[in-house]
$ cat query00.cif   # mmCIF, C-alpha atoms
data_target
loop_
_atom_site.label_atom_id
_atom_site.label_comp_id
_atom_site.auth_asym_id
_atom_site.auth_seq_id
_atom_site.Cartn_x
_atom_site.Cartn_y
_atom_site.Cartn_z
CA MET A 3 -18.27 0.17 -11.14
CA ARG A 4 -18.96 3.88 -11.14
CA GLU A 5 -16.10 6.30 -11.75
CA LEU A 6 -14.44 7.54 -8.56
CA THR A 7 -14.55 11.21 -7.70
CA GLN A 8 -11.35 13.21 -7.48
CA ALA A 9 -11.65 13.18 -3.69
CA GLU A 10 -11.95 9.38 -3.66
CA LYS A 11 -8.95 9.02 -5.97
CA LEU A 12 -6.94 11.34 -3.74
CA THR A 13 -7.96 9.40 -0.65
CA LEU A 14 -6.97 6.12 -2.29
CA ARG A 15 -3.60 7.59 -3.25
CA GLU A 16 -3.04 8.88 0.27
CA LEU A 17 -3.95 5.50 1.79
CA LEU A 18 -1.54 3.74 -0.55
CA GLN A 19 1.21 6.25 0.26
CA MET A 20 0.60 5.95 4.01
CA GLU A 21 0.73 2.15 3.86
CA THR A 22 3.90 2.23 1.73
CA ASN A 23 5.61 4.62 4.15
CA ALA A 24 4.66 2.46 7.13
CA LEU A 25 5.99 -0.63 5.36
CA THR A 26 9.31 1.08 4.63
CA LYS A 27 9.70 2.15 8.26
CA ALA A 28 8.74 -1.30 9.57
CA LYS A 29 11.28 -3.01 7.35
CA ALA A 30 13.98 -0.54 8.37
CA THR A 31 13.38 -0.99 12.09
CA GLN A 32 12.96 -4.77 11.85
CA GLU A 33 16.73 -5.22 11.66
CA MET A 34 17.19 -3.45 15.01
CA ILE A 35 14.80 -5.67 16.96
CA ASP A 36 16.44 -8.24 19.22
CA ASP A 37 13.38 -9.61 21.05
CA GLU A 38 12.10 -12.69 19.17
CA ASP A 39 8.43 -12.16 20.07
CA LEU A 40 8.53 -8.56 18.91
CA LYS A 41 10.37 -9.60 15.76
CA LYS A 42 7.59 -12.12 14.96
CA GLU A 43 4.93 -9.46 15.52
CA THR A 44 6.81 -7.09 13.24
CA GLU A 45 7.08 -9.75 10.53
CA SER A 46 3.35 -10.37 10.81
CA ALA A 47 2.63 -6.64 10.54
CA ILE A 48 4.88 -6.38 7.47
CA LEU A 49 3.02 -9.23 5.76
CA ALA A 50 -0.31 -7.56 6.55
CA MET A 51 0.89 -4.24 5.14
CA GLU A 52 2.13 -5.93 1.98
CA GLY A 53 -1.26 -7.60 1.61
CA ARG A 54 -3.12 -4.30 1.95
CA ILE A 55 -0.83 -2.63 -0.59
CA LYS A 56 -1.32 -5.47 -3.08
CA GLY A 57 -5.07 -5.30 -2.52
CA MET A 58 -5.17 -1.58 -3.25
CA GLN A 59 -2.98 -2.03 -6.34
CA GLN A 60 -5.25 -4.82 -7.57
CA PHE A 61 -8.33 -2.63 -7.01
CA ILE A 62 -6.69 0.20 -8.96
CA ASN A 63 -5.75 -2.09 -11.86
CA GLU A 64 -9.01 -4.03 -12.05
CA ASN A 65 -11.15 -0.90 -11.99
CA ASN A 66 -8.99 1.17 -14.36
CA ILE A 67 -8.59 3.90 -11.76
CA ILE A 68 -5.47 5.22 -13.44
CA ASN A 69 -6.00 6.16 -17.07
CA SER A 70 -2.70 5.65 -18.81
CA LYS A 71 -2.72 7.56 -22.07
CA GLU A 72 -0.22 6.93 -24.80
CA VAL A 73 2.19 9.81 -25.38
CA HIS A 74 2.66 10.79 -29.00
#
$ encode --input "query00.cif" --output "C-alpha cells"
Amino acid sequence: MRELTQAEKLTLRELLQMETNALTKAKATQEMIDDEDLKKETESAILAMEGRIKGMQQFINENNIINSKEVH
C-alpha cells in the first residue's frame, strides 16, 4: 500500500475521533431510553459504531499508518 498523505492521515484521525465521540454519546444516552424499540435501535447503532472503530484501528495497524519510534 502506498504511504498516506498528511491530509489522508488527518482525515482518518478525524473520522476515528468523530466515531468515538458518537459512540460515547450513544452509550451515555442509552441509559435514559425507556422505549424498547428505540433501545434496540440504539444498541444496534452502538454495535455498528464499535465495528467501524475496530475496522479503522485494524486498517491503521495493518498498514503501519502510525510510526511508533522508540524513545532513547
$ residues_around --input "query00.cif" --residues "stretch 11-18 of chain A" --least-positions-apart "3" --cutoff "12 Å" --atoms "only C-alpha atoms" --output "list in words"
Glu5, Leu6, Thr7, Gln8, Glu21, Thr22, Asn23, Ala24, Leu25, Met51, Glu52, Gly53, Arg54, Ile55, Lys56, Gly57, Met58, Gln59, Gln60, Phe61, Ile62, Asn65, Asn66, Ile67, Ile68 and Asn69 of chain A
$ atom_distance --input "query00.cif" --atom1 "atom CA of A:Lys29" --atom2 "atom CA of A:Glu64"
28.1 Å
$ atom_distance --input "query00.cif" --atom1 "atom CA of A:Asp37" --atom2 "atom CA of A:Leu49"
18.5 Å
$ atom_distance --input "query00.cif" --atom1 "atom CA of A:Glu45" --atom2 "atom CA of A:Glu33"
10.7 Å
$ build_atoms --input "query00.cif" --residues "stretch 28-39 of chain A" --atoms "all heavy atoms" --output "PDB file, in the coordinates of the input"
ATOM      1  N   ALA A  28       8.762  -0.016   8.867  1.00  0.00           N
ATOM      2  CA  ALA A  28       8.740  -1.300   9.570  1.00  0.00           C
ATOM      3  C   ALA A  28       9.908  -2.176   9.141  1.00  0.00           C
ATOM      4  O   ALA A  28      10.573  -2.803   9.973  1.00  0.00           O
ATOM      5  CB  ALA A  28       7.417  -2.012   9.341  1.00  0.00           C
ATOM      6  N   LYS A  29      10.162  -2.209   7.840  1.00  0.00           N
ATOM      7  CA  LYS A  29      11.280  -3.010   7.350  1.00  0.00           C
ATOM      8  C   LYS A  29      12.619  -2.468   7.832  1.00  0.00           C
ATOM      9  O   LYS A  29      13.528  -3.238   8.136  1.00  0.00           O
ATOM     10  CB  LYS A  29      11.254  -3.085   5.817  1.00  0.00           C
ATOM     11  CG  LYS A  29      10.180  -4.009   5.286  1.00  0.00           C
ATOM     12  CD  LYS A  29      10.263  -4.116   3.779  1.00  0.00           C
ATOM     13  CE  LYS A  29       9.296  -5.149   3.240  1.00  0.00           C
ATOM     14  NZ  LYS A  29       9.406  -5.293   1.782  1.00  0.00           N
ATOM     15  N   ALA A  30      12.732  -1.148   7.907  1.00  0.00           N
ATOM     16  CA  ALA A  30      13.980  -0.540   8.370  1.00  0.00           C
ATOM     17  C   ALA A  30      14.233  -0.806   9.839  1.00  0.00           C
ATOM     18  O   ALA A  30      15.369  -1.067  10.242  1.00  0.00           O
ATOM     19  CB  ALA A  30      13.942   0.969   8.107  1.00  0.00           C
ATOM     20  N   THR A  31      13.202  -0.771  10.647  1.00  0.00           N
ATOM     21  CA  THR A  31      13.380  -0.990  12.090  1.00  0.00           C
ATOM     22  C   THR A  31      13.452  -2.462  12.456  1.00  0.00           C
ATOM     23  O   THR A  31      13.967  -2.810  13.517  1.00  0.00           O
ATOM     24  CB  THR A  31      12.246  -0.324  12.892  1.00  0.00           C
ATOM     25  OG1 THR A  31      10.995  -0.854  12.455  1.00  0.00           O
ATOM     26  CG2 THR A  31      12.254   1.173  12.730  1.00  0.00           C
ATOM     27  N   GLN A  32      12.975  -3.330  11.580  1.00  0.00           N
ATOM     28  CA  GLN A  32      12.960  -4.770  11.850  1.00  0.00           C
ATOM     29  C   GLN A  32      14.376  -5.287  12.152  1.00  0.00           C
ATOM     30  O   GLN A  32      14.549  -6.139  13.015  1.00  0.00           O
ATOM     31  CB  GLN A  32      12.367  -5.509  10.659  1.00  0.00           C
ATOM     32  CG  GLN A  32      12.246  -6.997  10.868  1.00  0.00           C
ATOM     33  CD  GLN A  32      11.690  -7.694   9.648  1.00  0.00           C
ATOM     34  OE1 GLN A  32      11.787  -7.195   8.535  1.00  0.00           O
ATOM     35  NE2 GLN A  32      11.095  -8.841   9.853  1.00  0.00           N
ATOM     36  N   GLU A  33      15.354  -4.757  11.475  1.00  0.00           N
ATOM     37  CA  GLU A  33      16.730  -5.220  11.660  1.00  0.00           C
ATOM     38  C   GLU A  33      17.281  -4.866  13.048  1.00  0.00           C
ATOM     39  O   GLU A  33      18.225  -5.488  13.516  1.00  0.00           O
ATOM     40  CB  GLU A  33      17.632  -4.613  10.583  1.00  0.00           C
ATOM     41  CG  GLU A  33      17.234  -4.999   9.174  1.00  0.00           C
ATOM     42  CD  GLU A  33      17.233  -6.502   8.949  1.00  0.00           C
ATOM     43  OE1 GLU A  33      18.184  -7.171   9.404  1.00  0.00           O
ATOM     44  OE2 GLU A  33      16.285  -7.011   8.330  1.00  0.00           O
ATOM     45  N   MET A  34      16.704  -3.897  13.700  1.00  0.00           N
ATOM     46  CA  MET A  34      17.190  -3.450  15.010  1.00  0.00           C
ATOM     47  C   MET A  34      16.529  -4.175  16.179  1.00  0.00           C
ATOM     48  O   MET A  34      16.920  -3.988  17.316  1.00  0.00           O
ATOM     49  CB  MET A  34      16.974  -1.946  15.153  1.00  0.00           C
ATOM     50  CG  MET A  34      17.776  -1.118  14.172  1.00  0.00           C
ATOM     51  SD  MET A  34      17.548   0.642  14.426  1.00  0.00           S
ATOM     52  CE  MET A  34      16.115   0.927  13.403  1.00  0.00           C
ATOM     53  N   ILE A  35      15.546  -5.003  15.904  1.00  0.00           N
ATOM     54  CA  ILE A  35      14.800  -5.670  16.960  1.00  0.00           C
ATOM     55  C   ILE A  35      15.530  -6.949  17.384  1.00  0.00           C
ATOM     56  O   ILE A  35      15.852  -7.793  16.541  1.00  0.00           O
ATOM     57  CB  ILE A  35      13.370  -6.008  16.491  1.00  0.00           C
ATOM     58  CG1 ILE A  35      12.615  -4.721  16.164  1.00  0.00           C
ATOM     59  CG2 ILE A  35      12.633  -6.820  17.551  1.00  0.00           C
ATOM     60  CD1 ILE A  35      11.273  -4.945  15.511  1.00  0.00           C
ATOM     61  N   ASP A  36      15.769  -7.064  18.677  1.00  0.00           N
ATOM     62  CA  ASP A  36      16.440  -8.240  19.220  1.00  0.00           C
ATOM     63  C   ASP A  36      15.456  -9.244  19.820  1.00  0.00           C
ATOM     64  O   ASP A  36      15.689 -10.451  19.782  1.00  0.00           O
ATOM     65  CB  ASP A  36      17.455  -7.838  20.294  1.00  0.00           C
ATOM     66  CG  ASP A  36      18.623  -7.060  19.708  1.00  0.00           C
ATOM     67  OD1 ASP A  36      19.011  -7.341  18.554  1.00  0.00           O
ATOM     68  OD2 ASP A  36      19.141  -6.169  20.406  1.00  0.00           O
ATOM     69  N   ASP A  37      14.364  -8.756  20.396  1.00  0.00           N
ATOM     70  CA  ASP A  37      13.380  -9.610  21.050  1.00  0.00           C
ATOM     71  C   ASP A  37      12.658 -10.464  19.991  1.00  0.00           C
ATOM     72  O   ASP A  37      12.086  -9.931  19.031  1.00  0.00           O
ATOM     73  CB  ASP A  37      12.373  -8.757  21.814  1.00  0.00           C
ATOM     74  CG  ASP A  37      11.369  -9.598  22.557  1.00  0.00           C
ATOM     75  OD1 ASP A  37      11.747 -10.165  23.595  1.00  0.00           O
ATOM     76  OD2 ASP A  37      10.221  -9.691  22.074  1.00  0.00           O
ATOM     77  N   GLU A  38      12.680 -11.771  20.165  1.00  0.00           N
ATOM     78  CA  GLU A  38      12.100 -12.690  19.170  1.00  0.00           C
ATOM     79  C   GLU A  38      10.592 -12.536  19.031  1.00  0.00           C
ATOM     80  O   GLU A  38      10.061 -12.602  17.918  1.00  0.00           O
ATOM     81  CB  GLU A  38      12.465 -14.138  19.505  1.00  0.00           C
ATOM     82  CG  GLU A  38      13.917 -14.472  19.233  1.00  0.00           C
ATOM     83  CD  GLU A  38      14.333 -14.221  17.789  1.00  0.00           C
ATOM     84  OE1 GLU A  38      13.597 -14.625  16.861  1.00  0.00           O
ATOM     85  OE2 GLU A  38      15.405 -13.610  17.594  1.00  0.00           O
ATOM     86  N   ASP A  39       9.890 -12.335  20.142  1.00  0.00           N
ATOM     87  CA  ASP A  39       8.430 -12.160  20.070  1.00  0.00           C
ATOM     88  C   ASP A  39       8.070 -10.884  19.309  1.00  0.00           C
ATOM     89  O   ASP A  39       7.170 -10.880  18.464  1.00  0.00           O
ATOM     90  CB  ASP A  39       7.818 -12.127  21.472  1.00  0.00           C
ATOM     91  CG  ASP A  39       7.870 -13.483  22.151  1.00  0.00           C
ATOM     92  OD1 ASP A  39       7.928 -14.508  21.435  1.00  0.00           O
ATOM     93  OD2 ASP A  39       7.850 -13.520  23.400  1.00  0.00           O
TER      94      ASP A  39
END
